[in-house]
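File shown: input24.pdb. Contents: PDB, C-alpha atoms, pLDDT in the B column.
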ATOM      1  CA  MET A   1    -117.209  37.900  -9.521  1.00 58.00           C
ATOM      2  CA  ASP A   2    -120.188  35.823 -10.601  1.00 78.00           C
ATOM      3  CA  HIS A   3    -119.051  32.369  -9.573  1.00 89.00           C
ATOM      4  CA  PRO A   4    -118.202  31.291  -6.042  1.00 96.00           C
ATOM      5  CA  GLU A   5    -114.663  30.367  -5.053  1.00 97.00           C
ATOM      6  CA  VAL A   6    -113.575  27.998  -2.295  1.00 98.00           C
ATOM      7  CA  LEU A   7    -110.204  27.585  -0.646  1.00 98.00           C
ATOM      8  CA  LEU A   8    -109.972  24.025   0.626  1.00 98.00           C
ATOM      9  CA  ILE A   9    -107.396  23.626   3.381  1.00 98.00           C
ATOM     10  CA  GLY A  10    -106.752  19.958   4.060  1.00 98.00           C
ATOM     11  CA  GLY A  11    -104.114  18.028   5.923  1.00 98.00           C
ATOM     12  CA  ARG A  12    -103.470  15.511   8.624  1.00 97.00           C
ATOM     13  CA  ALA A  13    -104.462  16.175  12.225  1.00 96.00           C
ATOM     14  CA  GLY A  14    -101.834  18.480  13.670  1.00 96.00           C
ATOM     15  CA  ALA A  15    -100.921  20.123  10.356  1.00 97.00           C
ATOM     16  CA  GLY A  16    -102.581  23.395  11.387  1.00 96.00           C
ATOM     17  CA  LYS A  17    -105.666  23.573   9.149  1.00 97.00           C
ATOM     18  CA  THR A  18    -107.965  25.415  11.529  1.00 96.00           C
ATOM     19  CA  THR A  19    -105.290  27.802  12.779  1.00 97.00           C
ATOM     20  CA  VAL A  20    -104.130  28.622   9.244  1.00 98.00           C
ATOM     21  CA  GLY A  21    -107.737  29.043   8.092  1.00 98.00           C
ATOM     22  CA  TRP A  22    -108.375  31.608  10.817  1.00 98.00           C
ATOM     23  CA  GLU A  23    -105.139  33.438   9.985  1.00 98.00           C
ATOM     24  CA  VAL A  24    -106.059  33.559   6.285  1.00 98.00           C
ATOM     25  CA  SER A  25    -109.458  34.942   7.311  1.00 97.00           C
ATOM     26  CA  ASP A  26    -107.814  37.560   9.522  1.00 97.00           C
ATOM     27  CA  ARG A  27    -105.567  38.687   6.678  1.00 96.00           C
ATOM     28  CA  LEU A  28    -108.561  38.965   4.340  1.00 96.00           C
ATOM     29  CA  ARG A  29    -110.447  41.030   6.926  1.00 95.00           C
ATOM     30  CA  ALA A  30    -107.457  43.371   7.203  1.00 94.00           C
ATOM     31  CA  THR A  31    -107.657  44.102   3.462  1.00 93.00           C
ATOM     32  CA  GLY A  32    -111.448  44.397   3.380  1.00 93.00           C
ATOM     33  CA  THR A  33    -111.853  41.229   1.319  1.00 94.00           C
ATOM     34  CA  ALA A  34    -115.301  39.683   1.797  1.00 94.00           C
ATOM     35  CA  HIS A  35    -115.333  35.976   2.602  1.00 96.00           C
ATOM     36  CA  ALA A  36    -116.811  33.304   4.845  1.00 97.00           C
ATOM     37  CA  ILE A  37    -115.049  30.560   6.790  1.00 98.00           C
ATOM     38  CA  VAL A  38    -116.378  27.119   7.709  1.00 97.00           C
ATOM     39  CA  GLU A  39    -114.687  24.437   9.796  1.00 96.00           C
ATOM     40  CA  GLY A  40    -115.871  21.386   7.896  1.00 94.00           C
ATOM     41  CA  ASP A  41    -115.444  18.993  10.815  1.00 90.00           C
ATOM     42  CA  TYR A  42    -118.435  20.567  12.531  1.00 93.00           C
ATOM     43  CA  LEU A  43    -120.836  20.065   9.631  1.00 93.00           C
ATOM     44  CA  GLY A  44    -121.083  16.300  10.014  1.00 90.00           C
ATOM     45  CA  GLN A  45    -120.789  15.802  13.767  1.00 91.00           C
ATOM     46  CA  VAL A  46    -123.643  13.397  14.409  1.00 91.00           C
ATOM     47  CA  HIS A  47    -123.635  10.034  16.142  1.00 91.00           C
ATOM     48  CA  PRO A  48    -124.435   7.480  15.041  1.00 92.00           C
ATOM     49  CA  ALA A  49    -123.859   8.048  11.348  1.00 88.00           C
ATOM     50  CA  PRO A  50    -127.046   7.977   9.283  1.00 89.00           C
ATOM     51  CA  ALA A  51    -127.948   4.558   7.890  1.00 91.00           C
ATOM     52  CA  GLY A  52    -126.055   3.956   4.663  1.00 89.00           C
ATOM     53  CA  ASP A  53    -123.790   6.973   5.189  1.00 87.00           C
ATOM     54  CA  PRO A  54    -120.865   5.867   7.402  1.00 83.00           C
ATOM     55  CA  HIS A  55    -118.791   8.967   6.572  1.00 82.00           C
ATOM     56  CA  ARG A  56    -121.705  11.339   7.248  1.00 87.00           C
ATOM     57  CA  SER A  57    -121.198  12.932   3.831  1.00 88.00           C
ATOM     58  CA  SER A  58    -124.914  13.485   3.248  1.00 91.00           C
ATOM     59  CA  VAL A  59    -125.193  15.372   6.553  1.00 93.00           C
ATOM     60  CA  THR A  60    -122.089  17.416   5.769  1.00 94.00           C
ATOM     61  CA  GLU A  61    -123.319  18.303   2.291  1.00 95.00           C
ATOM     62  CA  ALA A  62    -126.806  19.247   3.481  1.00 95.00           C
ATOM     63  CA  ASN A  63    -125.356  21.502   6.171  1.00 96.00           C
ATOM     64  CA  LEU A  64    -122.798  23.077   3.833  1.00 97.00           C
ATOM     65  CA  THR A  65    -125.531  23.743   1.254  1.00 97.00           C
ATOM     66  CA  ALA A  66    -127.720  25.450   3.856  1.00 97.00           C
ATOM     67  CA  VAL A  67    -124.900  27.535   5.310  1.00 98.00           C
ATOM     68  CA  TRP A  68    -123.623  28.569   1.882  1.00 98.00           C
ATOM     69  CA  ARG A  69    -127.133  29.501   0.722  1.00 97.00           C
ATOM     70  CA  ASN A  70    -127.261  31.972   3.617  1.00 97.00           C
ATOM     71  CA  TYR A  71    -123.810  33.394   2.865  1.00 97.00           C
ATOM     72  CA  ALA A  72    -124.470  33.638  -0.889  1.00 96.00           C
ATOM     73  CA  GLY A  73    -127.803  35.317  -0.208  1.00 96.00           C
ATOM     74  CA  LEU A  74    -125.869  38.051   1.566  1.00 96.00           C
ATOM     75  CA  GLY A  75    -123.522  38.443  -1.413  1.00 95.00           C
ATOM     76  CA  TYR A  76    -120.511  36.403  -0.347  1.00 96.00           C
ATOM     77  CA  ARG A  77    -118.624  34.548  -3.076  1.00 96.00           C
ATOM     78  CA  ARG A  78    -115.486  33.309  -1.303  1.00 97.00           C
ATOM     79  CA  LEU A  79    -115.329  30.462   1.199  1.00 98.00           C
ATOM     80  CA  ILE A  80    -112.441  29.176   3.285  1.00 98.00           C
ATOM     81  CA  TYR A  81    -113.205  25.555   4.171  1.00 98.00           C
ATOM     82  CA  THR A  82    -110.989  23.508   6.477  1.00 97.00           C
ATOM     83  CA  ASN A  83    -111.264  19.748   6.728  1.00 96.00           C
ATOM     84  CA  THR A  84    -108.759  16.899   6.682  1.00 95.00           C
ATOM     85  CA  VAL A  85    -109.794  15.273   3.391  1.00 94.00           C
ATOM     86  CA  SER A  86    -111.514  18.219   1.694  1.00 95.00           C
ATOM     87  CA  VAL A  87    -108.782  18.435  -0.949  1.00 96.00           C
ATOM     88  CA  LEU A  88    -109.428  14.956  -2.337  1.00 95.00           C
ATOM     89  CA  SER A  89    -111.021  14.842  -5.782  1.00 92.00           C
ATOM     90  CA  ASP A  90    -114.038  12.839  -4.587  1.00 90.00           C
ATOM     91  CA  ALA A  91    -115.012  15.846  -2.428  1.00 89.00           C
ATOM     92  CA  ALA A  92    -115.163  18.255  -5.392  1.00 91.00           C
ATOM     93  CA  PRO A  93    -118.698  17.257  -6.503  1.00 93.00           C
ATOM     94  CA  MET A  94    -120.020  18.145  -3.042  1.00 94.00           C
ATOM     95  CA  PHE A  95    -118.640  21.687  -3.367  1.00 95.00           C
ATOM     96  CA  GLU A  96    -120.032  22.007  -6.890  1.00 95.00           C
ATOM     97  CA  ARG A  97    -123.475  20.967  -5.671  1.00 95.00           C
ATOM     98  CA  ALA A  98    -123.371  23.023  -2.468  1.00 96.00           C
ATOM     99  CA  LEU A  99    -121.812  26.234  -3.827  1.00 96.00           C
ATOM    100  CA  GLY A 100    -123.159  26.085  -7.351  1.00 93.00           C
ATOM    101  CA  PRO A 101    -121.952  25.384 -10.858  1.00 89.00           C
ATOM    102  CA  GLY A 102    -118.695  26.938 -11.964  1.00 92.00           C
ATOM    103  CA  VAL A 103    -117.212  27.085  -8.463  1.00 96.00           C
ATOM    104  CA  ARG A 104    -113.461  27.743  -8.551  1.00 96.00           C
ATOM    105  CA  ILE A 105    -111.693  25.327  -6.217  1.00 96.00           C
ATOM    106  CA  VAL A 106    -108.234  26.055  -4.782  1.00 97.00           C
ATOM    107  CA  ARG A 107    -106.823  22.991  -3.015  1.00 98.00           C
ATOM    108  CA  VAL A 108    -104.099  23.376  -0.387  1.00 98.00           C
ATOM    109  CA  LEU A 109    -102.682  20.414   1.504  1.00 98.00           C
ATOM    110  CA  LEU A 110    -100.839  21.379   4.670  1.00 98.00           C
ATOM    111  CA  THR A 111     -98.104  18.875   5.468  1.00 98.00           C
ATOM    112  CA  ALA A 112     -96.327  18.105   8.732  1.00 97.00           C
ATOM    113  CA  THR A 113     -93.900  15.414   9.808  1.00 97.00           C
ATOM    114  CA  ASP A 114     -94.919  12.804  12.350  1.00 95.00           C
ATOM    115  CA  ALA A 115     -92.835  14.610  14.986  1.00 96.00           C
ATOM    116  CA  THR A 116     -94.502  17.973  14.328  1.00 96.00           C
ATOM    117  CA  ALA A 117     -97.976  16.436  14.323  1.00 95.00           C
ATOM    118  CA  LEU A 118     -97.253  14.616  17.597  1.00 93.00           C
ATOM    119  CA  GLU A 119     -96.006  17.825  19.241  1.00 94.00           C
ATOM    120  CA  ARG A 120     -99.085  19.781  18.168  1.00 94.00           C
ATOM    121  CA  LEU A 121    -101.552  17.021  18.999  1.00 94.00           C
ATOM    122  CA  SER A 122     -99.964  16.501  22.424  1.00 93.00           C
ATOM    123  CA  ALA A 123    -100.659  20.144  23.222  1.00 91.00           C
ATOM    124  CA  ARG A 124    -104.226  19.968  21.892  1.00 88.00           C
ATOM    125  CA  GLU A 125    -105.530  16.557  22.984  1.00 86.00           C
ATOM    126  CA  ILE A 126    -105.888  16.629  26.747  1.00 81.00           C
ATOM    127  CA  GLY A 127    -108.280  13.714  27.073  1.00 79.00           C
ATOM    128  CA  THR A 128    -108.056  10.044  26.208  1.00 85.00           C
ATOM    129  CA  SER A 129    -108.006  10.574  22.457  1.00 88.00           C
ATOM    130  CA  LEU A 130    -104.297  11.374  21.911  1.00 91.00           C
ATOM    131  CA  ASP A 131    -103.221   7.876  20.826  1.00 91.00           C
ATOM    132  CA  ARG A 132    -106.202   7.562  18.479  1.00 93.00           C
ATOM    133  CA  GLU A 133    -105.569  11.031  17.003  1.00 92.00           C
ATOM    134  CA  VAL A 134    -101.849  10.356  16.441  1.00 93.00           C
ATOM    135  CA  ALA A 135    -102.544   7.037  14.694  1.00 94.00           C
ATOM    136  CA  GLY A 136    -105.335   8.561  12.604  1.00 93.00           C
ATOM    137  CA  SER A 137    -103.141  11.510  11.683  1.00 96.00           C
ATOM    138  CA  ALA A 138    -100.399   9.248  10.326  1.00 96.00           C
ATOM    139  CA  ARG A 139    -102.942   7.190   8.377  1.00 97.00           C
ATOM    140  CA  LYS A 140    -104.554  10.309   6.865  1.00 97.00           C
ATOM    141  CA  ALA A 141    -101.127  11.772   5.977  1.00 97.00           C
ATOM    142  CA  ARG A 142    -100.377   8.686   3.857  1.00 97.00           C
ATOM    143  CA  LEU A 143    -103.837   8.771   2.262  1.00 96.00           C
ATOM    144  CA  LEU A 144    -103.622  12.474   1.432  1.00 97.00           C
ATOM    145  CA  ASP A 145    -100.107  12.165   0.036  1.00 96.00           C
ATOM    146  CA  ALA A 146    -101.168   9.317  -2.239  1.00 97.00           C
ATOM    147  CA  GLN A 147    -104.573  10.608  -3.336  1.00 96.00           C
ATOM    148  CA  ALA A 148    -104.419  14.406  -3.473  1.00 97.00           C
ATOM    149  CA  PRO A 149    -105.195  15.537  -7.046  1.00 96.00           C
ATOM    150  CA  PRO A 150    -102.342  16.969  -9.143  1.00 96.00           C
ATOM    151  CA  ASP A 151    -103.666  20.543  -8.815  1.00 96.00           C
ATOM    152  CA  THR A 152    -103.321  20.402  -5.012  1.00 97.00           C
ATOM    153  CA  ARG A 153    -100.645  22.727  -3.693  1.00 98.00           C
ATOM    154  CA  ARG A 154     -98.640  21.286  -0.818  1.00 98.00           C
ATOM    155  CA  VAL A 155     -97.550  23.704   1.897  1.00 98.00           C
ATOM    156  CA  VAL A 156     -95.027  22.554   4.493  1.00 98.00           C
ATOM    157  CA  THR A 157     -95.844  23.661   8.045  1.00 98.00           C
ATOM    158  CA  ASP A 158     -92.870  22.262   9.982  1.00 97.00           C
ATOM    159  CA  GLY A 159     -90.754  24.933  11.667  1.00 96.00           C
ATOM    160  CA  ARG A 160     -92.814  27.807  10.247  1.00 97.00           C
ATOM    161  CA  THR A 161     -95.021  30.408  11.875  1.00 97.00           C
ATOM    162  CA  VAL A 162     -98.747  30.514  11.266  1.00 97.00           C
ATOM    163  CA  ALA A 163     -98.286  33.927   9.627  1.00 97.00           C
ATOM    164  CA  GLU A 164     -95.750  32.535   7.134  1.00 97.00           C
ATOM    165  CA  ILE A 165     -97.956  29.588   6.249  1.00 98.00           C
ATOM    166  CA  ALA A 166    -101.094  31.706   5.872  1.00 98.00           C
ATOM    167  CA  ALA A 167     -99.283  34.204   3.632  1.00 97.00           C
ATOM    168  CA  GLU A 168     -98.243  31.370   1.305  1.00 97.00           C
ATOM    169  CA  VAL A 169    -101.744  29.859   1.296  1.00 98.00           C
ATOM    170  CA  LEU A 170    -103.428  33.209   0.690  1.00 97.00           C
ATOM    171  CA  ALA A 171    -101.110  33.990  -2.226  1.00 96.00           C
ATOM    172  CA  LEU A 172    -102.453  30.878  -3.973  1.00 96.00           C
ATOM    173  CA  THR A 173    -105.999  32.308  -4.026  1.00 95.00           C
ATOM    174  CA  GLY A 174    -105.469  35.746  -5.524  1.00 91.00           C
ATOM    175  CA  TRP A 175    -108.193  37.060  -3.206  1.00 91.00           C
ATOM    176  CA  GLN A 176    -106.537  39.830  -1.233  1.00 73.00           C
ATOM    177  CA  GLY A 177    -108.091  43.236  -1.787  1.00 61.00           C
ATOM    178  CA  ARG A 178    -110.782  42.030  -4.192  1.00 57.00           C
ATOM    179  CA  GLY A 179    -113.869  43.132  -2.220  1.00 56.00           C
ATOM    180  CA  ARG A 180    -116.961  40.967  -2.585  1.00 51.00           C
TER
END
Any chance you could put this one into structure tokens?
Amino acid sequence: MDHPEVLLIGGRAGAGKTTVGWEVSDRLRATGTAHAIVEGDYLGQVHPAPAGDPHRSSVTEANLTAVWRNYAGLGYRRLIYTNTVSVLSDAAPMFERALGPGVRIVRVLLTATDATALERLSAREIGTSLDREVAGSARKARLLDAQAPPDTRRVVTDGRTVAEIAAEVLALTGWQGRGR
């Protein structure tokens, strides 16, 4: 494989992006399939946002470019990337710049009902941020539903195990057992 490939796992808070990403990674490890995984939320965690960049996209892109350069230098060509809005079409140019021309992008939007998201967020958010996270999750769910590009595959997470969800997501990539 000459060109890099990226699996973008997006979805509202509480949809299971990080958990599913790790399960996909575990399944790839079990078959000896080389890959890297990046939790996109961590790439832009600075405060305050840089002047003129309220969404911290320049920081995120610079960090992704640096991390990917290291992975690619070691021969990796597949990346699992989890982030709420990573599947949106306006994010694609960042991946093309960071991973290189000809990158194959597989977009997966994990969906969850408000009730499922609330249940998961209630278990995860133990500080004062629960109300903010629940409201933001609902807002992002509407945004993602309206703006996800047509080639985005939607995967329902309600009432399903992580293993079931990851198997469906992984099948969309065609990566299993393909080495480096």
Assuming the chain letters and numbering stay as they are in my file, what does the PyMOL selection byres ((chain A and resi 116) around 12) actually select? List them as JSON, numbers by chain.
{"A": [12, 13, 14, 15, 16, 111, 112, 113, 114, 115, 117, 118, 119, 120, 121, 122, 123, 134, 137, 138, 156, 157, 158, 159, 160]}
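The gap separating atom CA of Val46 of chain A from atom CA of Leu74 of chain A is 27.9 Å, in Å to one decimal.
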Determine the residue set returned by the PyMOL selection byres ((chain A and resi 20) around 8) for the present structure, and present it as a compact mmCIF listing (two decimals) with C-alpha atoms, in the coordinates of the input.
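What landed in expr_39.txt:
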# COMPACT_ATOMS: atom_id res chain seq x y z
CA GLY A 16 -102.58 23.40 11.39
CA LYS A 17 -105.67 23.57 9.15
CA THR A 18 -107.96 25.42 11.53
CA THR A 19 -105.29 27.80 12.78
CA GLY A 21 -107.74 29.04 8.09
CA TRP A 22 -108.38 31.61 10.82
CA GLU A 23 -105.14 33.44 9.98
CA VAL A 24 -106.06 33.56 6.28
CA VAL A 162 -98.75 30.51 11.27
CA ALA A 163 -98.29 33.93 9.63
CA ILE A 165 -97.96 29.59 6.25
CA ALA A 166 -101.09 31.71 5.87
Can you sort out the box for segment 10-20 of chain A, edges along x, y and z, all listed atoms in, 5 Å on every side, with centre and edge lengths in Å to one decimal, as AutoDock Vina command-line options?
--center_x -104.4 --center_y 22.1 --center_z 8.9 --size_x 17.0 --size_y 23.1 --size_z 19.6
Give me, please, the distance in Å between atom CA of Glu164 of chain A and atom CA of Ile9 of chain A, quoted to one decimal.
15.1 Å
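Of the residues under consideration (A:Leu28, A:Leu144, A:Ile37, A:Leu172), A:Leu172 shows the shortest atom-to-atom contact distance to Val106 of chain A when counting only C-alpha atoms.
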Taking only C-alpha atoms into account, name the residue in A:Leu79, A:Ala141, A:Val59, A:Leu109 that is nearest to Phe95 of chain A.
A:Leu79
Local residues around (-112.5, 20.4, -3.3), at most 10 Å away, using only C-alpha atoms, as an MDAnalysis selection string:
chainID A and resid 6:10 81 85:96 103:108 149 152
Take the residues from that selection and write them out as a JSON list (two decimals), keeping the file's coordinate frame, keeping C-alpha atoms.
[["chain", "number", "residue", "atom", "x", "y", "z"],
["A", 6, "VAL", "CA", -113.58, 28.00, -2.30],
["A", 7, "LEU", "CA", -110.20, 27.58, -0.65],
["A", 8, "LEU", "CA", -109.97, 24.02, 0.63],
["A", 9, "ILE", "CA", -107.40, 23.63, 3.38],
["A", 10, "GLY", "CA", -106.75, 19.96, 4.06],
["A", 81, "TYR", "CA", -113.20, 25.56, 4.17],
["A", 85, "VAL", "CA", -109.79, 15.27, 3.39],
["A", 86, "SER", "CA", -111.51, 18.22, 1.69],
["A", 87, "VAL", "CA", -108.78, 18.43, -0.95],
["A", 88, "LEU", "CA", -109.43, 14.96, -2.34],
["A", 89, "SER", "CA", -111.02, 14.84, -5.78],
["A", 90, "ASP", "CA", -114.04, 12.84, -4.59],
["A", 91, "ALA", "CA", -115.01, 15.85, -2.43],
["A", 92, "ALA", "CA", -115.16, 18.26, -5.39],
["A", 93, "PRO", "CA", -118.70, 17.26, -6.50],
["A", 94, "MET", "CA", -120.02, 18.14, -3.04],
["A", 95, "PHE", "CA", -118.64, 21.69, -3.37],
["A", 96, "GLU", "CA", -120.03, 22.01, -6.89],
["A", 103, "VAL", "CA", -117.21, 27.08, -8.46],
["A", 104, "ARG", "CA", -113.46, 27.74, -8.55],
["A", 105, "ILE", "CA", -111.69, 25.33, -6.22],
["A", 106, "VAL", "CA", -108.23, 26.06, -4.78],
["A", 107, "ARG", "CA", -106.82, 22.99, -3.02],
["A", 108, "VAL", "CA", -104.10, 23.38, -0.39],
["A", 149, "PRO", "CA", -105.20, 15.54, -7.05],
["A", 152, "THR", "CA", -103.32, 20.40, -5.01]]
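The gap separating atom CA of Pro54 of chain A from atom CA of Ile80 of chain A is 25.1 Å, in Å to one decimal.
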Which is closer to Tyr76 of chain A than all the others in A:Ala34, A:Leu110, A:Ala49, A:Leu43, using all atoms listed in the file?
A:Ala34
Pick from A:Val155, A:Arg56, A:Glu39, A:Arg27 nearest to Val169 of chain A, counting only C-alpha atoms:
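Of the candidates, the smallest distance to Val169 of chain A is held by A:Val155.
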Calculated over all atoms listed in the file, which of the candidates A:Arg97, A:Arg153, A:Arg29, A:His55 has the smallest distance to Ala171 of chain A?
A:Arg153
